[in-house]
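J.: Dropping in upload-v7.tsv, which is TSV, C-alpha atoms:
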```
chain	number	residue	atom	x	y	z
A	1	GLY	CA	17.75	72.48	-89.70
A	2	HIS	CA	21.26	73.43	-90.79
A	3	GLU	CA	22.98	71.59	-93.62
A	4	PRO	CA	25.80	69.46	-92.12
A	5	SER	CA	29.19	70.22	-93.66
A	6	PRO	CA	30.31	67.79	-96.38
A	7	TRP	CA	32.17	64.81	-95.07
A	8	PRO	CA	35.99	64.71	-94.97
A	9	ASP	CA	38.00	63.89	-98.10
A	10	ALA	CA	38.85	60.40	-96.93
A	11	ILE	CA	36.78	58.14	-94.75
A	12	ASN	CA	38.95	56.25	-92.29
A	13	GLY	CA	37.32	52.87	-92.84
A	14	VAL	CA	34.19	50.95	-93.82
A	15	ALA	CA	32.75	47.55	-93.03
A	16	PHE	CA	33.14	45.56	-96.27
A	17	SER	CA	30.95	42.64	-97.21
A	18	PRO	CA	31.23	42.35	-101.00
A	19	TYR	CA	28.09	40.29	-101.59
A	20	ARG	CA	25.91	41.18	-104.58
A	21	ALA	CA	22.13	41.13	-104.69
A	22	ASP	CA	21.94	37.48	-105.82
A	23	GLN	CA	24.63	36.22	-103.43
A	24	ASP	CA	24.43	35.14	-99.85
A	25	PRO	CA	26.85	33.31	-97.53
A	26	GLN	CA	24.03	31.18	-96.07
A	27	SER	CA	23.29	29.63	-99.45
A	28	GLY	CA	26.95	29.31	-100.40
A	29	ARG	CA	26.86	31.92	-103.21
A	30	HIS	CA	29.97	34.06	-102.75
A	31	PRO	CA	31.44	36.97	-104.74
A	32	SER	CA	34.08	36.31	-107.39
A	33	LEU	CA	37.60	37.73	-107.31
A	34	GLU	CA	36.66	40.15	-110.08
A	35	GLN	CA	33.63	41.42	-108.13
A	36	ILE	CA	35.65	41.92	-104.95
A	37	ASP	CA	38.34	43.75	-106.90
A	38	GLU	CA	35.74	45.95	-108.61
A	39	ASP	CA	34.24	46.93	-105.23
A	40	LEU	CA	37.67	47.68	-103.73
A	41	SER	CA	38.62	49.91	-106.67
A	42	LEU	CA	35.43	51.95	-106.09
A	43	LEU	CA	36.14	52.22	-102.36
A	44	ALA	CA	39.81	53.11	-102.78
A	45	ARG	CA	38.85	56.60	-104.00
A	46	HIS	CA	37.08	57.42	-100.74
A	47	VAL	CA	38.35	55.11	-98.01
A	48	ARG	CA	41.68	54.19	-96.38
A	49	HIS	CA	40.73	50.92	-94.69
A	50	VAL	CA	38.23	48.04	-94.96
A	51	ARG	CA	36.94	45.59	-92.41
A	52	THR	CA	36.07	42.00	-93.40
A	53	TYR	CA	33.83	39.41	-91.73
A	54	SER	CA	35.20	36.09	-92.95
A	55	SER	CA	38.53	34.55	-93.90
A	56	ILE	CA	37.23	31.68	-96.04
A	57	ASP	CA	34.86	31.14	-99.02
A	58	GLY	CA	36.86	33.49	-101.25
A	59	LEU	CA	36.95	36.39	-98.79
A	60	GLU	CA	40.57	35.53	-98.03
A	61	ALA	CA	41.24	37.38	-101.32
A	62	VAL	CA	40.33	40.74	-99.77
A	63	PRO	CA	43.68	41.59	-98.06
A	64	PRO	CA	45.93	40.87	-101.09
A	65	LEU	CA	43.51	42.67	-103.44
A	66	ALA	CA	43.13	45.58	-100.99
A	67	ARG	CA	46.91	45.94	-100.87
A	68	ARG	CA	46.98	46.58	-104.63
A	69	HIS	CA	44.52	49.41	-104.05
A	70	GLY	CA	46.54	50.89	-101.18
A	71	LEU	CA	43.99	49.87	-98.55
A	72	SER	CA	44.74	48.47	-95.11
A	73	VAL	CA	42.47	45.81	-93.60
A	74	THR	CA	40.90	44.79	-90.32
A	75	ALA	CA	40.56	41.08	-91.05
A	76	GLY	CA	37.75	39.11	-89.46
A	77	ALA	CA	36.85	35.48	-88.85
A	78	TRP	CA	33.17	34.49	-88.65
A	79	ILE	CA	32.68	32.51	-85.45
A	80	GLY	CA	29.32	30.76	-85.36
A	81	GLY	CA	27.65	27.58	-84.20
A	82	ARG	CA	29.62	25.19	-86.44
A	83	GLU	CA	32.90	24.16	-84.87
A	84	GLU	CA	34.49	22.76	-88.02
A	85	ARG	CA	33.80	25.99	-89.87
A	86	ASN	CA	35.12	28.07	-86.95
A	87	GLU	CA	38.39	26.12	-87.10
A	88	ARG	CA	38.76	26.91	-90.82
A	89	GLU	CA	37.98	30.58	-90.16
A	90	VAL	CA	40.57	30.83	-87.38
A	91	ALA	CA	43.27	29.10	-89.45
A	92	GLY	CA	42.45	31.33	-92.42
A	93	LEU	CA	42.57	34.46	-90.30
A	94	VAL	CA	46.00	33.67	-88.86
A	95	GLU	CA	47.34	32.96	-92.34
A	96	LEU	CA	45.96	36.26	-93.68
A	97	ALA	CA	47.58	38.23	-90.87
A	98	ARG	CA	50.93	36.54	-91.42
A	99	GLU	CA	50.98	36.84	-95.20
A	100	ASN	CA	49.60	40.37	-95.67
A	101	HIS	CA	51.37	43.35	-94.16
A	102	ASN	CA	48.34	45.54	-94.83
A	103	VAL	CA	46.33	43.57	-92.24
A	104	THR	CA	46.64	45.96	-89.29
A	105	ARG	CA	43.99	44.60	-86.91
A	106	ILE	CA	42.21	41.30	-86.33
A	107	LEU	CA	38.62	40.54	-85.23
A	108	VAL	CA	37.86	37.02	-84.03
A	109	GLY	CA	34.08	36.83	-84.37
A	110	ASN	CA	31.33	39.32	-85.14
A	111	GLU	CA	28.43	39.71	-82.70
A	112	THR	CA	29.16	36.13	-81.63
A	113	LEU	CA	28.21	36.74	-78.00
A	114	LEU	CA	25.17	38.81	-78.98
A	115	ARG	CA	23.85	35.83	-80.95
A	116	GLY	CA	24.98	33.34	-78.29
A	117	ASP	CA	26.58	31.11	-80.95
A	118	VAL	CA	29.41	30.11	-78.59
A	119	THR	CA	30.05	30.64	-74.88
A	120	MET	CA	32.33	33.41	-73.72
A	121	GLU	CA	34.90	30.80	-72.63
A	122	LYS	CA	34.93	29.32	-76.12
A	123	LEU	CA	35.26	32.72	-77.79
A	124	VAL	CA	38.11	33.67	-75.42
A	125	ASN	CA	39.81	30.41	-76.35
A	126	TYR	CA	39.69	31.32	-80.07
A	127	ILE	CA	40.95	34.85	-79.30
A	128	ARG	CA	43.88	33.51	-77.25
A	129	ARG	CA	44.83	31.04	-79.96
A	130	VAL	CA	44.90	33.79	-82.58
A	131	ARG	CA	46.73	36.30	-80.38
A	132	VAL	CA	49.76	34.05	-79.90
A	133	GLU	CA	50.03	33.49	-83.66
A	134	VAL	CA	49.88	37.08	-84.96
A	135	SER	CA	51.73	40.31	-84.27
A	136	VAL	CA	48.88	42.81	-84.82
A	137	PRO	CA	46.19	43.90	-82.30
A	138	VAL	CA	43.40	41.34	-81.79
A	139	SER	CA	39.81	41.72	-80.56
A	140	THR	CA	36.25	40.57	-81.26
A	141	ALA	CA	33.37	42.82	-82.36
A	142	ASP	CA	30.11	43.13	-80.43
A	143	PRO	CA	27.61	45.87	-79.62
A	144	TRP	CA	28.55	48.32	-76.84
A	145	HIS	CA	26.26	46.69	-74.26
A	146	VAL	CA	27.89	43.27	-74.67
A	147	TRP	CA	31.28	44.75	-73.72
A	148	LEU	CA	29.73	46.38	-70.64
A	149	LYS	CA	28.19	43.04	-69.70
A	150	TYR	CA	31.44	41.03	-69.98
A	151	PRO	CA	34.30	43.03	-68.43
A	152	ALA	CA	36.42	39.87	-68.40
A	153	LEU	CA	36.36	39.89	-72.21
A	154	GLY	CA	38.24	43.19	-72.15
A	155	ARG	CA	41.23	41.54	-70.48
A	156	GLU	CA	41.63	39.17	-73.41
A	157	VAL	CA	41.83	41.72	-76.22
A	158	ASP	CA	44.21	44.45	-77.39
A	159	PHE	CA	41.43	46.91	-78.18
A	160	ILE	CA	37.66	47.14	-77.68
A	161	ALA	CA	35.67	46.86	-80.94
A	162	ILE	CA	32.13	48.14	-80.60
A	163	HIS	CA	28.99	48.43	-82.69
A	164	ILE	CA	26.68	51.34	-81.99
A	165	LEU	CA	23.58	51.22	-84.18
A	166	PRO	CA	21.07	53.82	-82.98
A	167	TYR	CA	18.57	52.96	-85.72
A	168	TRP	CA	18.22	49.39	-84.46
A	169	GLU	CA	17.76	50.74	-80.95
A	170	GLY	CA	14.84	52.87	-82.14
A	171	LEU	CA	16.40	56.33	-81.71
A	172	PRO	CA	15.10	59.23	-83.82
A	173	ALA	CA	17.66	60.47	-86.37
A	174	ASP	CA	18.16	63.83	-84.67
A	175	ARG	CA	19.29	62.11	-81.45
A	176	ALA	CA	21.40	59.41	-83.10
A	177	LEU	CA	24.78	61.11	-83.12
A	178	ASP	CA	24.64	62.24	-79.48
A	179	TYR	CA	23.62	58.71	-78.58
A	180	VAL	CA	26.62	57.23	-80.44
A	181	MET	CA	29.05	59.54	-78.67
A	182	GLN	CA	27.47	58.86	-75.28
A	183	ARG	CA	27.73	55.06	-75.70
A	184	TYR	CA	31.28	55.37	-77.03
A	185	GLN	CA	32.26	57.40	-73.95
A	186	GLN	CA	30.55	54.88	-71.66
A	187	VAL	CA	32.67	52.05	-73.08
A	188	LYS	CA	35.84	54.19	-72.91
A	189	ASP	CA	35.10	54.87	-69.24
A	190	ALA	CA	34.62	51.13	-68.61
A	191	TYR	CA	37.97	50.29	-70.27
A	192	PRO	CA	40.25	53.25	-69.53
A	193	THR	CA	43.44	51.41	-70.53
A	194	LYS	CA	42.25	50.08	-73.91
A	195	PRO	CA	41.75	51.80	-77.26
A	196	VAL	CA	38.06	51.74	-78.24
A	197	VAL	CA	37.31	51.38	-81.96
A	198	ILE	CA	33.84	51.81	-83.45
A	199	THR	CA	33.72	48.88	-85.88
A	200	GLU	CA	30.10	49.40	-86.99
A	201	VAL	CA	28.05	52.57	-86.97
A	202	GLY	CA	25.57	54.00	-89.45
A	203	TRP	CA	22.04	54.69	-90.55
A	204	PRO	CA	20.11	52.83	-93.28
A	205	SER	CA	18.65	54.49	-96.38
A	206	ASP	CA	15.57	52.26	-96.45
A	207	GLY	CA	13.83	49.53	-94.50
A	208	ARG	CA	11.22	48.99	-91.85
A	209	MET	CA	10.41	51.46	-89.09
A	210	ARG	CA	11.98	50.89	-85.68
A	211	ARG	CA	9.88	52.83	-83.18
A	212	ALA	CA	11.09	56.46	-83.57
A	213	ALA	CA	13.80	55.53	-86.08
A	214	ARG	CA	12.92	56.36	-89.69
A	215	PRO	CA	15.23	55.47	-92.55
A	216	PRO	CA	14.91	58.12	-95.29
A	217	PRO	CA	18.09	58.75	-97.33
A	218	LEU	CA	18.24	62.33	-96.02
A	219	ALA	CA	18.50	61.09	-92.43
A	220	GLN	CA	21.25	58.71	-93.52
A	221	ALA	CA	23.18	61.44	-95.33
A	222	SER	CA	23.07	63.87	-92.43
A	223	PHE	CA	23.92	61.21	-89.83
A	224	LEU	CA	26.95	60.07	-91.84
A	225	ARG	CA	28.20	63.59	-92.54
A	226	GLU	CA	27.95	64.60	-88.90
A	227	PHE	CA	29.46	61.34	-87.64
A	228	LEU	CA	32.41	61.41	-90.06
A	229	ASN	CA	33.20	65.03	-89.27
A	230	LEU	CA	33.03	64.37	-85.55
A	231	ALA	CA	35.10	61.17	-85.83
A	232	ASN	CA	37.72	63.07	-87.81
A	233	ALA	CA	37.83	65.86	-85.23
A	234	ARG	CA	38.10	63.34	-82.36
```
Go through the file and emit its structure as structure tokens.
T.:
Amino acid sequence: GHEPSPWPDAINGVAFSPYRADQDPQSGRHPSLEQIDEDLSLLARHVRHVRTYSSIDGLEAVPPLARRHGLSVTAGAWIGGREERNEREVAGLVELARENHNVTRILVGNETLLRGDVTMEKLVNYIRRVRVEVSVPVSTADPWHVWLKYPALGREVDFIAIHILPYWEGLPADRALDYVMQRYQQVKDAYPTKPVVITEVGWPSDGRMRRAARPPPLAQASFLREFLNLANAR
């Protein structure tokens, strides 16, 4: 096929989880300040914005460090099955938004409803609590189909934050981009008054087969180039 044009000079934003190969939030091994800073300095050459997934365990350092690199941040709280931890995440998130002017959006939870870690009522309660405390737009991030399933969730947020991951849905690489745009449009049509932000999209460079989805690096490169060019144009 044709060679997709190189991607734009600056990528608008990336999902940022600065864990190294030997680290893992489940086992309590988190990146150091130096490691986070090192990752941000690499990203700052290519990216304008980073998205985080937690506001505790050292990840609260991301917004102040990102500011030094000229990056803005969508700050996230991890909402899971442990109430005490959720409370610390929510408190940390509010503090980050208040203390860092480069925090431009807030996400209360990541795929929380997809996993079923808390009920929708409980998640809405966290979202409402955060919204009254901060002055930037607030949402939660979940795959496109979760937003279509819970229209009431849309009333509680300032924007719709969706994940569209065609690889995990078993799409072949050559149909992935059309699929992303189709699902994006479907959510826009469902929420005509709200901005819709794609907060996760992509294609892996390696891993197991998912039906028709194959992960060679070439497929990843062409998907990303085409997506970034299209996102820039749109």
J.: Quick one: pull the distance between atom CA of Val14 of chain A and atom CA of Val50 of chain A, Å, one decimal.
T.: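 Interatomic distance, atom CA of Val14 of chain A to atom CA of Val50 of chain A: 5.1 Å.
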J.: Would you mind telling me which residue in A:Ala97, A:Val103, A:Leu40, A:Leu230 lies nearest to Val130 of chain A when using all atoms listed in the file?
T.: A:Ala97
J.: May I ask which of the residues A:Asp22, A:Val118, A:Gln182, A:Ser41 is the closest one to Arg67 of chain A, counting all atoms listed in the file?
T.: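 So, comparing all the options, the nearest one is A:Ser41.
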J.: Pick out the residues sitting within 10 Å of Asn110 of chain A, and hand them over as a PDB file with C-alpha atoms, in the frame of the given file; count only C-alpha atoms, and ignore anything fewer than 2 positions along from it in its own chain.
T.:
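So selection-v3.pdb came out as:
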```pdb
ATOM      1  CA  THR A  52      36.070  42.000 -93.400  1.00  0.00           C
ATOM      2  CA  TYR A  53      33.830  39.410 -91.730  1.00  0.00           C
ATOM      3  CA  SER A  54      35.200  36.090 -92.950  1.00  0.00           C
ATOM      4  CA  GLY A  76      37.750  39.110 -89.460  1.00  0.00           C
ATOM      5  CA  ALA A  77      36.850  35.480 -88.850  1.00  0.00           C
ATOM      6  CA  TRP A  78      33.170  34.490 -88.650  1.00  0.00           C
ATOM      7  CA  ILE A  79      32.680  32.510 -85.450  1.00  0.00           C
ATOM      8  CA  GLY A  80      29.320  30.760 -85.360  1.00  0.00           C
ATOM      9  CA  LEU A 107      38.620  40.540 -85.230  1.00  0.00           C
ATOM     10  CA  VAL A 108      37.860  37.020 -84.030  1.00  0.00           C
ATOM     11  CA  THR A 112      29.160  36.130 -81.630  1.00  0.00           C
ATOM     12  CA  LEU A 113      28.210  36.740 -78.000  1.00  0.00           C
ATOM     13  CA  LEU A 114      25.170  38.810 -78.980  1.00  0.00           C
ATOM     14  CA  ARG A 115      23.850  35.830 -80.950  1.00  0.00           C
ATOM     15  CA  SER A 139      39.810  41.720 -80.560  1.00  0.00           C
ATOM     16  CA  THR A 140      36.250  40.570 -81.260  1.00  0.00           C
ATOM     17  CA  ALA A 141      33.370  42.820 -82.360  1.00  0.00           C
ATOM     18  CA  ASP A 142      30.110  43.130 -80.430  1.00  0.00           C
ATOM     19  CA  PRO A 143      27.610  45.870 -79.620  1.00  0.00           C
ATOM     20  CA  ALA A 161      35.670  46.860 -80.940  1.00  0.00           C
ATOM     21  CA  ILE A 162      32.130  48.140 -80.600  1.00  0.00           C
ATOM     22  CA  HIS A 163      28.990  48.430 -82.690  1.00  0.00           C
ATOM     23  CA  THR A 199      33.720  48.880 -85.880  1.00  0.00           C
TER      24      THR A 199
END
```
J.: Can you pull out every residue within 9 Å of Gln186 of chain A, counting all atoms listed in the file, but drop anything in the same chain fewer than 5 positions away, and send it as a list of chain:residue names?
T.: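 That gives A:Trp144, A:Leu148, A:Met181, A:Tyr191.
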J.: Sort by chain and increasing residue number a table of all residues of segment 81-160 of chain A within 6 Å of segment 70-74 of chain A, each with its closest pair of atoms and their distance in Å to one decimal, counting all atoms listed in the file, and write it as CSV.
T.:
```
residue,atom,partner,partner_atom,distance
A:Asn102,CA,A:Ser72,CA,4.7
A:Val103,CA,A:Val73,CA,4.7
A:Thr104,CA,A:Thr74,CA,5.9
A:Arg105,CA,A:Thr74,CA,4.6
A:Ile106,CA,A:Thr74,CA,5.5
```
J.: Between atom CA of Val196 of chain A and atom CA of Leu42 of chain A, what is the distance in Å, rounded to a tenth?
T.: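 Going from atom CA of Val196 of chain A over to atom CA of Leu42 of chain A covers 28.0 Å.
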J.: Would you compute the distance between atom CA of Pro137 of chain A and atom CA of Val197 of chain A? Give it in Å to one decimal.
T.: 11.6 Å
J.: Please determine, counting only C-alpha atoms, which residue among A:Ala173, A:Leu165, A:Val94, A:Ala219 has the shortest atom-to-atom distance to Val138 of chain A.
T.: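 Using only C-alpha atoms, Val138 of chain A sits closest to A:Val94.
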J.: If you count all atoms listed in the file, which residues fall within 6 Å of Gly13 of chain A, apart from same-chain ones fewer than 2 positions away, as a ChimeraX atom specification?
T.: /A:11,47-50
J.: Pick out the residues sitting within 8 Å of Asp39 of chain A, and hand them over as a VMD selection string; count all atoms listed in the file, and ignore anything fewer than 4 positions along from it in its own chain.
T.: chain A and resid 18 35 43
J.: Which residue gives the smallest distance to Arg68 of chain A among A:Asp37, A:His46, A:Ser32, A:Asp117, with all atoms listed in the file counted?
T.: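 So, comparing all the options, the nearest one is A:Asp37.
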J.: May I ask which of the residues A:Glu121, A:Glu84, A:Asp158, A:Asp24 is the closest one to Val136 of chain A, counting all atoms listed in the file?
T.: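 Of all the options, A:Asp158 lies closest to Val136 of chain A.
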J.: Any idea what's packed within 12 Å of Ala212 of chain A, counting only C-alpha atoms, ignoring anything in its chain fewer than 6 positions away? Could you give it as number ranges by chain?
T.: A: 166-176
J.: Go through A:Val62, A:Val157, A:Ala233, A:Leu93 and flag the residue nearest Lys194 of chain A, using all atoms listed in the file for the distances.
T.: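 Ranking A:Val62, A:Val157, A:Ala233, A:Leu93 by distance to Lys194 of chain A, first place goes to A:Val157.
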